[in-house]
There are 4 protein chains.
Amino acid sequence: MSNSIGRDYRVTSFGESHGICVGAVVDGCPAGLRLSIEDIQSELDRRKPGQSAVATSRKEEDRVELLSGVFNGLTSGAPICALVWNRDRDSSGYEARRWTPRPGHADYTAHLRYGGYNDYRGGGRFSGRITASYVMAGAIAKKLLSEVLDVEVLAHAKEIGGLRARDVSVDEIRRNAEGNPVRCGDPETAERMAELIAENSERGDSVGGVVECFTLNLPPGIGDPVFNTLEGDIAKALFAVPAVKAVEFGLGRGFSPLKGSESNDPLTLRDGRVETETNRMGGITGGISTGMPVEVSVTFKPTPSISIPQRTVDIERMEETTLVVDGRHDPCVVPRAIPVVESVVAMVLADHALRAGLIPRVLECEG
Amino acid sequence: MSNSIGRDYRVTSFGESHGICVGAVVDGCPAGLRLSIEDIQSELDRRKPGQSAVATSRKEEDRVELLSGVFNGLTSGAPICALVWNRDRDSSGYEARRWTPRPGHADYTAHLRYGGYNDYRGGGRFSGRITASYVMAGAIAKKLLSEVLDVEVLAHAKEIGGLRARDVSVDEIRRNAEGNPVRCGDPETAERMAELIAENSERGDSVGGVVECFTLNLPPGIGDPVFNTLEGDIAKALFAVPAVKAVEFGLGRGFSPLKGSESNDPLTLRDGRVETETNRMGGITGGISTGMPVEVSVTFKPTPSISIPQRTVDIERMEETTLVVDGRHDPCVVPRAIPVVESVVAMVLADHALRAGLIPRVLECEG
Amino acid sequence: MSNSIGRDYRVTSFGESHGICVGAVVDGCPAGLRLSIEDIQSELDRRKPGQSAVATSRKEEDRVELLSGVFNGLTSGAPICALVWNRDRDSSGYEARRWTPRPGHADYTAHLRYGGYNDYRGGGRFSGRITASYVMAGAIAKKLLSEVLDVEVLAHAKEIGGLRARDVSVDEIRRNAEGNPVRCGDPETAERMAELIAENSERGDSVGGVVECFTLNLPPGIGDPVFNTLEGDIAKALFAVPAVKAVEFGLGRGFSPLKGSESNDPLTLRDGRVETETNRMGGITGGISTGMPVEVSVTFKPTPSISIPQRTVDIERMEETTLVVDGRHDPCVVPRAIPVVESVVAMVLADHALRAGLIPRVLECEG
Amino acid sequence: MSNSIGRDYRVTSFGESHGICVGAVVDGCPAGLRLSIEDIQSELDRRKPGQSAVATSRKEEDRVELLSGVFNGLTSGAPICALVWNRDRDSSGYEARRWTPRPGHADYTAHLRYGGYNDYRGGGRFSGRITASYVMAGAIAKKLLSEVLDVEVLAHAKEIGGLRARDVSVDEIRRNAEGNPVRCGDPETAERMAELIAENSERGDSVGGVVECFTLNLPPGIGDPVFNTLEGDIAKALFAVPAVKAVEFGLGRGFSPLKGSESNDPLTLRDGRVETETNRMGGITGGISTGMPVEVSVTFKPTPSISIPQRTVDIERMEETTLVVDGRHDPCVVPRAIPVVESVVAMVLADHALRAGLIPRVLECEG
């Protein structure tokens, strides 16, 4: 059903925002991968709230627990269940607004889809909190990609509220992004982005943005046409992240006004290897990796939770009403979404690298 | 494997550009749907080349044949195999450029992926011609959606080469799009688009564009979170169409500079039904249909086949060289891609409508 | 990957015999099903060891916990995670025999498959203990089938160590099976079966047997030819139960010596409904349910763990050796396998009933 | 949906008994396999009717055509579509008995499942003729297994109408089975089997039997626990063959009366390799291949088509009636089912060998 993704690296997500826990089962990770709690915790920590002034001040002390699949510090080939318990959930406010769906949220569609039986507290299964399960599954994928193929997945904030970072190198992202609260590779724009978020937060409003994600060292020849293209599988996985509304590869939307003579990437030889001079295609043609960095841009809509009054409908009484969403919310999801985008892309790449036979079913481990 | 898509409405594509045929097997279409050759042929005719000055002058006399799954004019519940034979294929030119991959095409990645065993003639399995199989499968999905749910899927050319149509109503698209060679709902812009294509064609160049697709009457509550969202499944299917590089829902990329107060869709009552005042979300929140029209924008890169000389590598001799792609090619894929986008979206909607139980496994037929 | 089964009712199993827990995620259970801990616990209790003299005296205090998917006592439509913690595991003996695979067990093949990284303690992922996850997932399926369709799944011990129960009615099974330690519908044979098990247990040996499983009230028309037949899907699921070596439907192996005139089930009218006079086919023809009771027979090999010395190979030193498997083991797996067989069959039936549209995605609940 | 099977070697079947054709699409066959029409035709010829006195005298001149996926005599990595056209179909008799379902056939369940829209002529999609698609897909799998892994799949008639062949070696099967009309490895019993079939045929009756299938040289370590076991996947595929009612591995049903001390296979060293002294398990433990020959027994019920009058129901008038099934039918399906069983087993083994990474995605071809 719909809570699993991937074929060879298969992730099943479970849990709700205000339920007992949020977890993931990873099936298909090869045996023999050294895997520690810390490998996963470090990624979860990047996602957790309360890290800075630009994020919600809620405290989620997410400590990952590994319930299966790791034996003597190495993956055993059995499915890996990882979870974080939900603690200190304050669900008191949710009963009051059960019948007044928040605009921009999934409250109303979830109500329809599940006949009102869905756990509506904090968005339940539709909450951004569910992405904690993606991050756990993605952290394992990242470790696998890094250990076996030296593949790195790296994202940063490209746009926030209309402010666009200058073009930066991957090295700049690696050096700068984790050093500023918005996780932008361009420190100057980062500062202005943070100010913009703060301004809107004070007004009870929120802003949208774009995350740019790169993969380094991905071997060429990965991807399965015609339907399981690398682009299609990455896009599908990204749309599982709440608030994502657009996915672009390479120049993406920017291809529209161009001519073929401006958009094709000429092939060339570099150190005896075939490469492209430019990388407008974003590292993928025909759904298959070219060996150039994969470049994907992900647009996040503004956080729908705003404390400015909004019109909605009381669906119990079937009458129009006005709603103010209180509580502590991220005024912009982009900064915390960076590790989520990386995780989701890593999950898909691990899956396709396994399909391509580039990662064996049993790793030759050092120890 | 990778040549099938969908769960309840499952499409398997086969065939190559210069092989014997291009075909599709549709598994999961309910029994009892009245289905004629004409239902499929009419859609194929919209995709076929040689329809106008803005498209390639190649002749593809694509006559669909139904090999299985239809009995006495009605679907029988068995898998439906539909195909078109490839006739009058001129493959003579392809041997010469076997070793010089065309920039922007999948020639090089396909060569890597299949170790050189792939049918390279005309792009083989990566050719735009493969979309004929999507159109056949999509035509059946359209008929099914239309007959059972009165759902309509409608696309038009929103942008071509930087020229953007004004905002048009669905009625305008229905009235205007098939009446001009670029299939744009805005006749004035359509004319300029056609001129722009012709200009670039004369120079041996090509242009990109954006297709905008709407679905009407789609019931609310369709879509399976968290991974099989309507957005994710539509996006994945669209990236199977050659040249697609970006997929956006609702305001899409346009959400980035907005504030929450500008982007949420307020809920309202209309004729006793819950609707949204605006439809910035493009008819989907939380991966589930809201009941408003689904709006998806698809960016096509410029046709990579251009007759302007391009740099490439002779991968047999491993030396840099220059390539001129001759032959008759569409100077812009957008006009012929319109029915393809509609077909792909219809396939996904049929799949999700079946999952949602909105279409029974056996139709109560009039006959 | 391989730890999930089912399409519309999808079960993912995780955990190891001597790991932290054994669990299941059920994805696809409709929203609105009343589900309590007790619904699952009662089935787990039937599987637990230490229930009688014919079973192992090990203590497994398996208390199910529901981690997600149930809200206010009703399923919410979100994936249901259920697990039991492993307590009081004594893994001390396993290190000693890590390198001497037990004949009849999966020790050697698991070692090969996972390169020695598998958790070998107590069979790890290949232990009969993993069936606790099937029972949890099956208990939910049973509840669903029973509530919505009044379908019942019922198994008993048909053969043990060569002793064969007389033909009994479903009512006799319902009345008698839970009342004797071997769970046989024929109390007289049950007594002799128990004695035979005890005799062999004293000698350190074990015995095999056959479980017979019936489904009542299954509507006709369920099952998806050609590959997802009811028989094929039930068989596949049953072979996931350790020690199963044969699966038969209706007369099964007994069809071989018969003639067509002796084996076809004549059709007849009973109370205005089409039925078959006999049910030699076991309730399925063409992979589709006929409306008659589904009858499936499952052969279990004798428990491979015996305390009689056996020849094996020390795969570390690569030399032949002799092994005595100590510890407390079931001298016959059949009695405890009864609820497991029922669970596995129920999982498949729930899946197919959902596919057939006989169970809606949202249940109309009384509350 | 239900007309596809396999994950990495995926087969989609289409066509009906009296429709236009019967075909298969194989997706996932590696690129670079030398594949000729003759590779497939030779297997089809073994399945075709009219080969001997013990089979139906109907003429099916099944000439395979390859519509895609093969380029210059080698597989290209694209999906392979193979089909046979249905010629000289005499459907005249079927209209008359449309409303009187044949006992033992799927006529009635198919009618229910597809609401009467199914192609009922000759069983339509439920006909034994559909197995031609399995044989085509299986012939490719056989070639792949043989070329890359030297794996051979070999079946013969073990039992017919109660006559049981003596235990024969694989060499005897290879030498003898194709030399007698029932395809039995034991020529003496073969003669009596043929007589028995002839006797029953004269009386208008039919007989059942058991096919025994072996795989040679299958590497150890293949199979994915817990749900995608080798046994489970083979069993599921075999139940897609009409008339199969039981599947057993190794001693199968014969394990029931045994003790553990009689049924475990002791491990031993042979030429420095770990093997088992006996092979009661049939080459699989824990769902994973041991390296010993896989042994599977498949019980076929007697052909349901008999010319002896049978009771049935006229489901149009809803009244009981009597039916005589005329036409030319196999009085025993076993002889023609031998290549079908081999094909189905080969499909599953190819799938699992690909999953195990034992077959690369691109073959290093001699040419």
# chains A, B, ... in the order shown; residues from 1 in each chain; ligands from 1
>>> interface_residues(of="chain C", to="chain A", cutoff="9 Å", atoms="only C-alpha atoms", output="VMD selection string")
chain C and resid 1 to 4 6 to 10 12 to 16 19 to 22 25 27 to 28 30 to 32 66 to 72 74 to 81 113 to 119 124 to 125 361 to 364
>>> select_by_dssp(residues="range 172-334 of chain A", states="helix (DSSP H, G or I)", output="PyMOL selection string")
chain A and resi 172-179+187-202+230-238+252-255+260-263+334
>>> select_by_dssp(residues="range 211-362 of chain A", states="strand (DSSP E)", output="PyMOL selection string")
chain A and resi 211-216+244-249+267-270+273-276+284-285+288-289+294-300+310-314+319-323
>>> write_last_selection(atoms="N, CA and C atoms", output="compact mmCIF listing (two decimals), in the first residue's frame")
# COMPACT_ATOMS: atom_id res chain seq x y z
N VAL A 211 14.52 24.38 -2.30
CA VAL A 211 15.71 23.63 -1.88
C VAL A 211 16.40 23.09 -3.12
N GLU A 212 17.68 23.24 -3.17
CA GLU A 212 18.46 22.73 -4.29
C GLU A 212 19.28 21.56 -3.76
N CYS A 213 19.25 20.45 -4.48
CA CYS A 213 19.94 19.25 -3.99
C CYS A 213 20.87 18.71 -5.07
N PHE A 214 22.08 18.34 -4.66
CA PHE A 214 23.09 17.80 -5.58
C PHE A 214 23.51 16.40 -5.12
N THR A 215 23.84 15.57 -6.08
CA THR A 215 24.50 14.30 -5.71
C THR A 215 25.85 14.27 -6.39
N LEU A 216 26.85 13.89 -5.64
CA LEU A 216 28.21 13.83 -6.18
C LEU A 216 28.66 12.39 -6.33
N VAL A 244 5.70 20.23 -0.57
CA VAL A 244 6.39 20.26 -1.87
C VAL A 244 5.35 20.44 -2.98
N LYS A 245 5.59 21.39 -3.87
CA LYS A 245 4.64 21.64 -4.96
C LYS A 245 5.27 21.64 -6.35
N ALA A 246 6.60 21.57 -6.43
CA ALA A 246 7.23 21.52 -7.75
C ALA A 246 8.57 20.82 -7.64
N VAL A 247 8.90 20.04 -8.67
CA VAL A 247 10.19 19.35 -8.73
C VAL A 247 10.77 19.58 -10.12
N GLU A 248 12.01 20.04 -10.15
CA GLU A 248 12.66 20.36 -11.42
C GLU A 248 14.05 19.73 -11.47
N PHE A 249 14.46 19.34 -12.65
CA PHE A 249 15.80 18.78 -12.82
C PHE A 249 16.61 19.68 -13.74
N LEU A 267 28.85 16.85 -25.61
CA LEU A 267 29.70 15.82 -25.01
C LEU A 267 31.16 16.14 -25.27
N THR A 268 31.99 15.76 -24.35
CA THR A 268 33.41 16.06 -24.47
C THR A 268 34.22 14.98 -23.75
N LEU A 269 35.51 14.99 -24.01
CA LEU A 269 36.39 14.05 -23.31
C LEU A 269 37.15 14.82 -22.23
N ARG A 270 37.16 14.27 -21.04
CA ARG A 270 37.93 14.89 -19.97
C ARG A 270 38.70 13.78 -19.26
N ARG A 273 37.64 10.43 -20.16
CA ARG A 273 36.28 9.99 -19.89
C ARG A 273 35.29 10.88 -20.62
N VAL A 274 34.15 10.29 -21.01
CA VAL A 274 33.10 11.08 -21.66
C VAL A 274 32.35 11.87 -20.59
N GLU A 275 32.28 13.17 -20.79
CA GLU A 275 31.49 14.00 -19.90
C GLU A 275 30.69 14.99 -20.75
N THR A 276 29.90 15.81 -20.09
CA THR A 276 29.26 16.89 -20.84
C THR A 276 29.92 18.20 -20.41
N ILE A 284 20.94 13.86 -15.67
CA ILE A 284 20.06 12.75 -16.08
C ILE A 284 19.59 13.00 -17.50
N THR A 285 19.78 12.03 -18.39
CA THR A 285 19.05 12.05 -19.67
C THR A 285 18.46 10.68 -19.93
N ILE A 288 18.31 8.24 -17.02
CA ILE A 288 19.52 7.53 -16.60
C ILE A 288 20.60 8.54 -16.23
N SER A 289 21.34 8.25 -15.19
CA SER A 289 22.39 9.18 -14.75
C SER A 289 23.49 9.27 -15.80
N VAL A 294 23.75 15.04 -10.21
CA VAL A 294 22.30 15.17 -10.32
C VAL A 294 21.89 16.45 -9.60
N GLU A 295 21.09 17.26 -10.26
CA GLU A 295 20.65 18.53 -9.68
C GLU A 295 19.13 18.58 -9.69
N VAL A 296 18.57 18.70 -8.51
CA VAL A 296 17.11 18.76 -8.43
C VAL A 296 16.70 19.94 -7.55
N SER A 297 15.69 20.67 -8.01
CA SER A 297 15.17 21.81 -7.24
C SER A 297 13.77 21.49 -6.77
N VAL A 298 13.50 21.78 -5.51
CA VAL A 298 12.23 21.40 -4.88
C VAL A 298 11.59 22.64 -4.30
N THR A 299 10.41 22.97 -4.79
CA THR A 299 9.71 24.15 -4.26
C THR A 299 8.79 23.78 -3.11
N PHE A 300 8.98 24.48 -2.00
CA PHE A 300 8.09 24.32 -0.84
C PHE A 300 7.16 25.52 -0.76
N GLN A 310 -8.02 33.23 9.11
CA GLN A 310 -8.32 32.71 7.78
C GLN A 310 -9.77 32.21 7.73
N ARG A 311 -10.35 32.28 6.56
CA ARG A 311 -11.71 31.77 6.40
C ARG A 311 -11.68 30.25 6.18
N THR A 312 -12.57 29.58 6.86
CA THR A 312 -12.71 28.14 6.66
C THR A 312 -14.16 27.76 6.91
N VAL A 313 -14.42 26.46 6.92
CA VAL A 313 -15.78 25.97 7.12
C VAL A 313 -15.80 25.04 8.34
N ASP A 314 -16.77 25.23 9.20
CA ASP A 314 -17.01 24.26 10.26
C ASP A 314 -17.75 23.09 9.62
N GLU A 319 -21.04 25.39 8.37
CA GLU A 319 -21.18 26.84 8.24
C GLU A 319 -19.81 27.49 8.15
N GLU A 320 -19.76 28.61 7.46
CA GLU A 320 -18.48 29.29 7.28
C GLU A 320 -18.04 29.92 8.59
N THR A 321 -16.73 29.98 8.80
CA THR A 321 -16.22 30.52 10.05
C THR A 321 -14.81 31.05 9.81
N THR A 322 -14.20 31.56 10.88
CA THR A 322 -12.85 32.09 10.78
C THR A 322 -11.95 31.34 11.76
N LEU A 323 -10.72 31.12 11.34
CA LEU A 323 -9.82 30.28 12.12
C LEU A 323 -8.49 31.01 12.34
>>> residues_around(residues="Ile222 in chain D", least_positions_apart="2", cutoff="8 Å", atoms="only C-alpha atoms", output="list in words")
Arg113 of chain C; Pro219, Pro220, Asp224, Leu230, Ile288, Ser289, His352, Ala353 and Ala356 of chain D
>>> write_last_selection(atoms="N, CA, C and O atoms", output="PDB file, in the first residue's frame")
ATOM      1  N   ARG C 113      23.428 -16.823   2.470  1.00  0.00           N
ATOM      2  CA  ARG C 113      22.660 -15.716   1.880  1.00  0.00           C
ATOM      3  C   ARG C 113      23.120 -14.371   2.413  1.00  0.00           C
ATOM      4  O   ARG C 113      23.129 -13.378   1.697  1.00  0.00           O
TER       5      ARG C 113
ATOM      6  N   PRO D 219      22.864 -22.428  -7.957  1.00  0.00           N
ATOM      7  CA  PRO D 219      23.800 -22.072  -6.876  1.00  0.00           C
ATOM      8  C   PRO D 219      23.077 -21.978  -5.529  1.00  0.00           C
ATOM      9  O   PRO D 219      21.886 -21.645  -5.484  1.00  0.00           O
ATOM     10  N   PRO D 220      23.783 -22.246  -4.453  1.00  0.00           N
ATOM     11  CA  PRO D 220      23.177 -22.061  -3.129  1.00  0.00           C
ATOM     12  C   PRO D 220      23.031 -20.586  -2.817  1.00  0.00           C
ATOM     13  O   PRO D 220      23.678 -19.735  -3.432  1.00  0.00           O
ATOM     14  N   ASP D 224      14.592 -15.220  -1.116  1.00  0.00           N
ATOM     15  CA  ASP D 224      14.492 -14.068  -0.236  1.00  0.00           C
ATOM     16  C   ASP D 224      13.469 -14.285   0.868  1.00  0.00           C
ATOM     17  O   ASP D 224      12.264 -14.117   0.652  1.00  0.00           O
ATOM     18  N   LEU D 230      11.894 -19.110  -2.119  1.00  0.00           N
ATOM     19  CA  LEU D 230      11.931 -19.832  -3.379  1.00  0.00           C
ATOM     20  C   LEU D 230      10.715 -20.744  -3.496  1.00  0.00           C
ATOM     21  O   LEU D 230      10.079 -20.837  -4.558  1.00  0.00           O
ATOM     22  N   ILE D 288      15.611 -20.705   0.943  1.00  0.00           N
ATOM     23  CA  ILE D 288      16.848 -20.401   0.212  1.00  0.00           C
ATOM     24  C   ILE D 288      17.416 -21.697  -0.358  1.00  0.00           C
ATOM     25  O   ILE D 288      17.396 -22.739   0.298  1.00  0.00           O
ATOM     26  N   SER D 289      17.957 -21.622  -1.556  1.00  0.00           N
ATOM     27  CA  SER D 289      18.520 -22.817  -2.186  1.00  0.00           C
ATOM     28  C   SER D 289      19.747 -23.300  -1.416  1.00  0.00           C
ATOM     29  O   SER D 289      20.562 -22.512  -0.948  1.00  0.00           O
ATOM     30  N   HIS D 352      14.810 -14.901  -9.402  1.00  0.00           N
ATOM     31  CA  HIS D 352      15.585 -14.937  -8.154  1.00  0.00           C
ATOM     32  C   HIS D 352      17.095 -14.878  -8.403  1.00  0.00           C
ATOM     33  O   HIS D 352      17.832 -14.320  -7.582  1.00  0.00           O
ATOM     34  N   ALA D 353      17.533 -15.434  -9.494  1.00  0.00           N
ATOM     35  CA  ALA D 353      18.967 -15.337  -9.797  1.00  0.00           C
ATOM     36  C   ALA D 353      19.344 -13.892 -10.093  1.00  0.00           C
ATOM     37  O   ALA D 353      20.428 -13.424  -9.710  1.00  0.00           O
ATOM     38  N   ALA D 356      19.454 -12.041  -6.851  1.00  0.00           N
ATOM     39  CA  ALA D 356      20.650 -12.415  -6.091  1.00  0.00           C
ATOM     40  C   ALA D 356      21.911 -11.814  -6.686  1.00  0.00           C
ATOM     41  O   ALA D 356      22.999 -11.981  -6.134  1.00  0.00           O
TER      42      ALA D 356
END
>>> atom_distance(atom1="CA of Asp171 in chain A", atom2="CA of Asp265 in chain A")
22.8 Å
>>> atom_distance(atom1="CA of Gly272 in chain C", atom2="CA of Arg98 in chain D")
19.7 Å
>>> atom_distance(atom1="CA of Gly286 in chain B", atom2="CA of Pro304 in chain A")
11.7 Å
>>> decode(residues="range 163-172 of chain B", atoms="all heavy atoms", output="PDB file, in the first residue's frame")
ATOM      1  N   LEU B 163       7.117  32.494 -24.986  1.00  0.00           N
ATOM      2  CA  LEU B 163       5.809  33.140 -25.168  1.00  0.00           C
ATOM      3  C   LEU B 163       4.795  32.444 -24.266  1.00  0.00           C
ATOM      4  O   LEU B 163       4.650  31.225 -24.314  1.00  0.00           O
ATOM      5  CB  LEU B 163       5.353  33.025 -26.626  1.00  0.00           C
ATOM      6  CG  LEU B 163       6.212  33.771 -27.639  1.00  0.00           C
ATOM      7  CD1 LEU B 163       5.800  33.387 -29.060  1.00  0.00           C
ATOM      8  CD2 LEU B 163       6.078  35.286 -27.424  1.00  0.00           C
ATOM      9  N   ARG B 164       4.104  33.223 -23.467  1.00  0.00           N
ATOM     10  CA  ARG B 164       3.199  32.649 -22.484  1.00  0.00           C
ATOM     11  C   ARG B 164       1.764  33.046 -22.804  1.00  0.00           C
ATOM     12  O   ARG B 164       1.457  34.227 -22.980  1.00  0.00           O
ATOM     13  CB  ARG B 164       3.590  33.164 -21.099  1.00  0.00           C
ATOM     14  CG  ARG B 164       2.813  32.549 -19.957  1.00  0.00           C
ATOM     15  CD  ARG B 164       3.398  32.971 -18.606  1.00  0.00           C
ATOM     16  NE  ARG B 164       2.562  32.514 -17.515  1.00  0.00           N
ATOM     17  CZ  ARG B 164       2.596  31.290 -17.002  1.00  0.00           C
ATOM     18  NH1 ARG B 164       3.456  30.395 -17.466  1.00  0.00           N
ATOM     19  NH2 ARG B 164       1.787  30.950 -16.021  1.00  0.00           N
ATOM     20  N   ALA B 165       0.898  32.045 -22.862  1.00  0.00           N
ATOM     21  CA  ALA B 165      -0.521  32.309 -23.104  1.00  0.00           C
ATOM     22  C   ALA B 165      -1.098  33.067 -21.921  1.00  0.00           C
ATOM     23  O   ALA B 165      -0.665  32.889 -20.790  1.00  0.00           O
ATOM     24  CB  ALA B 165      -1.274  31.001 -23.314  1.00  0.00           C
ATOM     25  N   ARG B 166      -2.071  33.926 -22.192  1.00  0.00           N
ATOM     26  CA  ARG B 166      -2.787  34.545 -21.071  1.00  0.00           C
ATOM     27  C   ARG B 166      -3.560  33.461 -20.327  1.00  0.00           C
ATOM     28  O   ARG B 166      -3.773  32.369 -20.853  1.00  0.00           O
ATOM     29  CB  ARG B 166      -3.714  35.644 -21.593  1.00  0.00           C
ATOM     30  CG  ARG B 166      -4.818  35.129 -22.504  1.00  0.00           C
ATOM     31  CD  ARG B 166      -5.818  36.236 -22.867  1.00  0.00           C
ATOM     32  NE  ARG B 166      -6.674  35.796 -23.954  1.00  0.00           N
ATOM     33  CZ  ARG B 166      -7.703  34.927 -23.809  1.00  0.00           C
ATOM     34  NH1 ARG B 166      -8.022  34.464 -22.611  1.00  0.00           N
ATOM     35  NH2 ARG B 166      -8.415  34.554 -24.870  1.00  0.00           N
ATOM     36  N   ASP B 167      -3.989  33.778 -19.110  1.00  0.00           N
ATOM     37  CA  ASP B 167      -4.783  32.799 -18.369  1.00  0.00           C
ATOM     38  C   ASP B 167      -6.103  32.557 -19.088  1.00  0.00           C
ATOM     39  O   ASP B 167      -6.820  33.515 -19.396  1.00  0.00           O
ATOM     40  CB  ASP B 167      -5.046  33.296 -16.944  1.00  0.00           C
ATOM     41  CG  ASP B 167      -3.807  33.144 -16.086  1.00  0.00           C
ATOM     42  OD1 ASP B 167      -2.828  32.522 -16.555  1.00  0.00           O
ATOM     43  OD2 ASP B 167      -3.814  33.640 -14.945  1.00  0.00           O
ATOM     44  N   VAL B 168      -6.390  31.335 -19.351  1.00  0.00           N
ATOM     45  CA  VAL B 168      -7.622  31.012 -20.081  1.00  0.00           C
ATOM     46  C   VAL B 168      -8.461  30.048 -19.262  1.00  0.00           C
ATOM     47  O   VAL B 168      -7.949  29.315 -18.421  1.00  0.00           O
ATOM     48  CB  VAL B 168      -7.313  30.373 -21.457  1.00  0.00           C
ATOM     49  CG1 VAL B 168      -6.704  31.395 -22.396  1.00  0.00           C
ATOM     50  CG2 VAL B 168      -6.401  29.163 -21.299  1.00  0.00           C
ATOM     51  N   SER B 169      -9.742  30.068 -19.544  1.00  0.00           N
ATOM     52  CA  SER B 169     -10.636  29.145 -18.856  1.00  0.00           C
ATOM     53  C   SER B 169     -10.567  27.782 -19.522  1.00  0.00           C
ATOM     54  O   SER B 169     -10.084  27.634 -20.656  1.00  0.00           O
ATOM     55  CB  SER B 169     -12.071  29.674 -18.930  1.00  0.00           C
ATOM     56  OG  SER B 169     -12.519  29.587 -20.274  1.00  0.00           O
ATOM     57  N   VAL B 170     -11.048  26.796 -18.826  1.00  0.00           N
ATOM     58  CA  VAL B 170     -11.101  25.457 -19.398  1.00  0.00           C
ATOM     59  C   VAL B 170     -11.966  25.450 -20.658  1.00  0.00           C
ATOM     60  O   VAL B 170     -11.658  24.781 -21.641  1.00  0.00           O
ATOM     61  CB  VAL B 170     -11.620  24.450 -18.351  1.00  0.00           C
ATOM     62  CG1 VAL B 170     -11.980  23.128 -19.006  1.00  0.00           C
ATOM     63  CG2 VAL B 170     -10.563  24.238 -17.264  1.00  0.00           C
ATOM     64  N   ASP B 171     -13.020  26.250 -20.622  1.00  0.00           N
ATOM     65  CA  ASP B 171     -13.882  26.318 -21.804  1.00  0.00           C
ATOM     66  C   ASP B 171     -13.133  26.857 -23.018  1.00  0.00           C
ATOM     67  O   ASP B 171     -13.313  26.381 -24.140  1.00  0.00           O
ATOM     68  CB  ASP B 171     -15.099  27.220 -21.517  1.00  0.00           C
ATOM     69  CG  ASP B 171     -16.242  26.410 -20.946  1.00  0.00           C
ATOM     70  OD1 ASP B 171     -16.197  25.160 -21.059  1.00  0.00           O
ATOM     71  OD2 ASP B 171     -17.163  27.020 -20.358  1.00  0.00           O
ATOM     72  N   GLU B 172     -12.292  27.845 -22.781  1.00  0.00           N
ATOM     73  CA  GLU B 172     -11.505  28.383 -23.891  1.00  0.00           C
ATOM     74  C   GLU B 172     -10.553  27.323 -24.457  1.00  0.00           C
ATOM     75  O   GLU B 172     -10.349  27.235 -25.663  1.00  0.00           O
ATOM     76  CB  GLU B 172     -10.716  29.618 -23.441  1.00  0.00           C
ATOM     77  CG  GLU B 172     -11.574  30.855 -23.285  1.00  0.00           C
ATOM     78  CD  GLU B 172     -10.771  32.039 -22.770  1.00  0.00           C
ATOM     79  OE1 GLU B 172     -10.401  32.018 -21.554  1.00  0.00           O
ATOM     80  OE2 GLU B 172     -10.505  32.963 -23.555  1.00  0.00           O
TER      81      GLU B 172
END
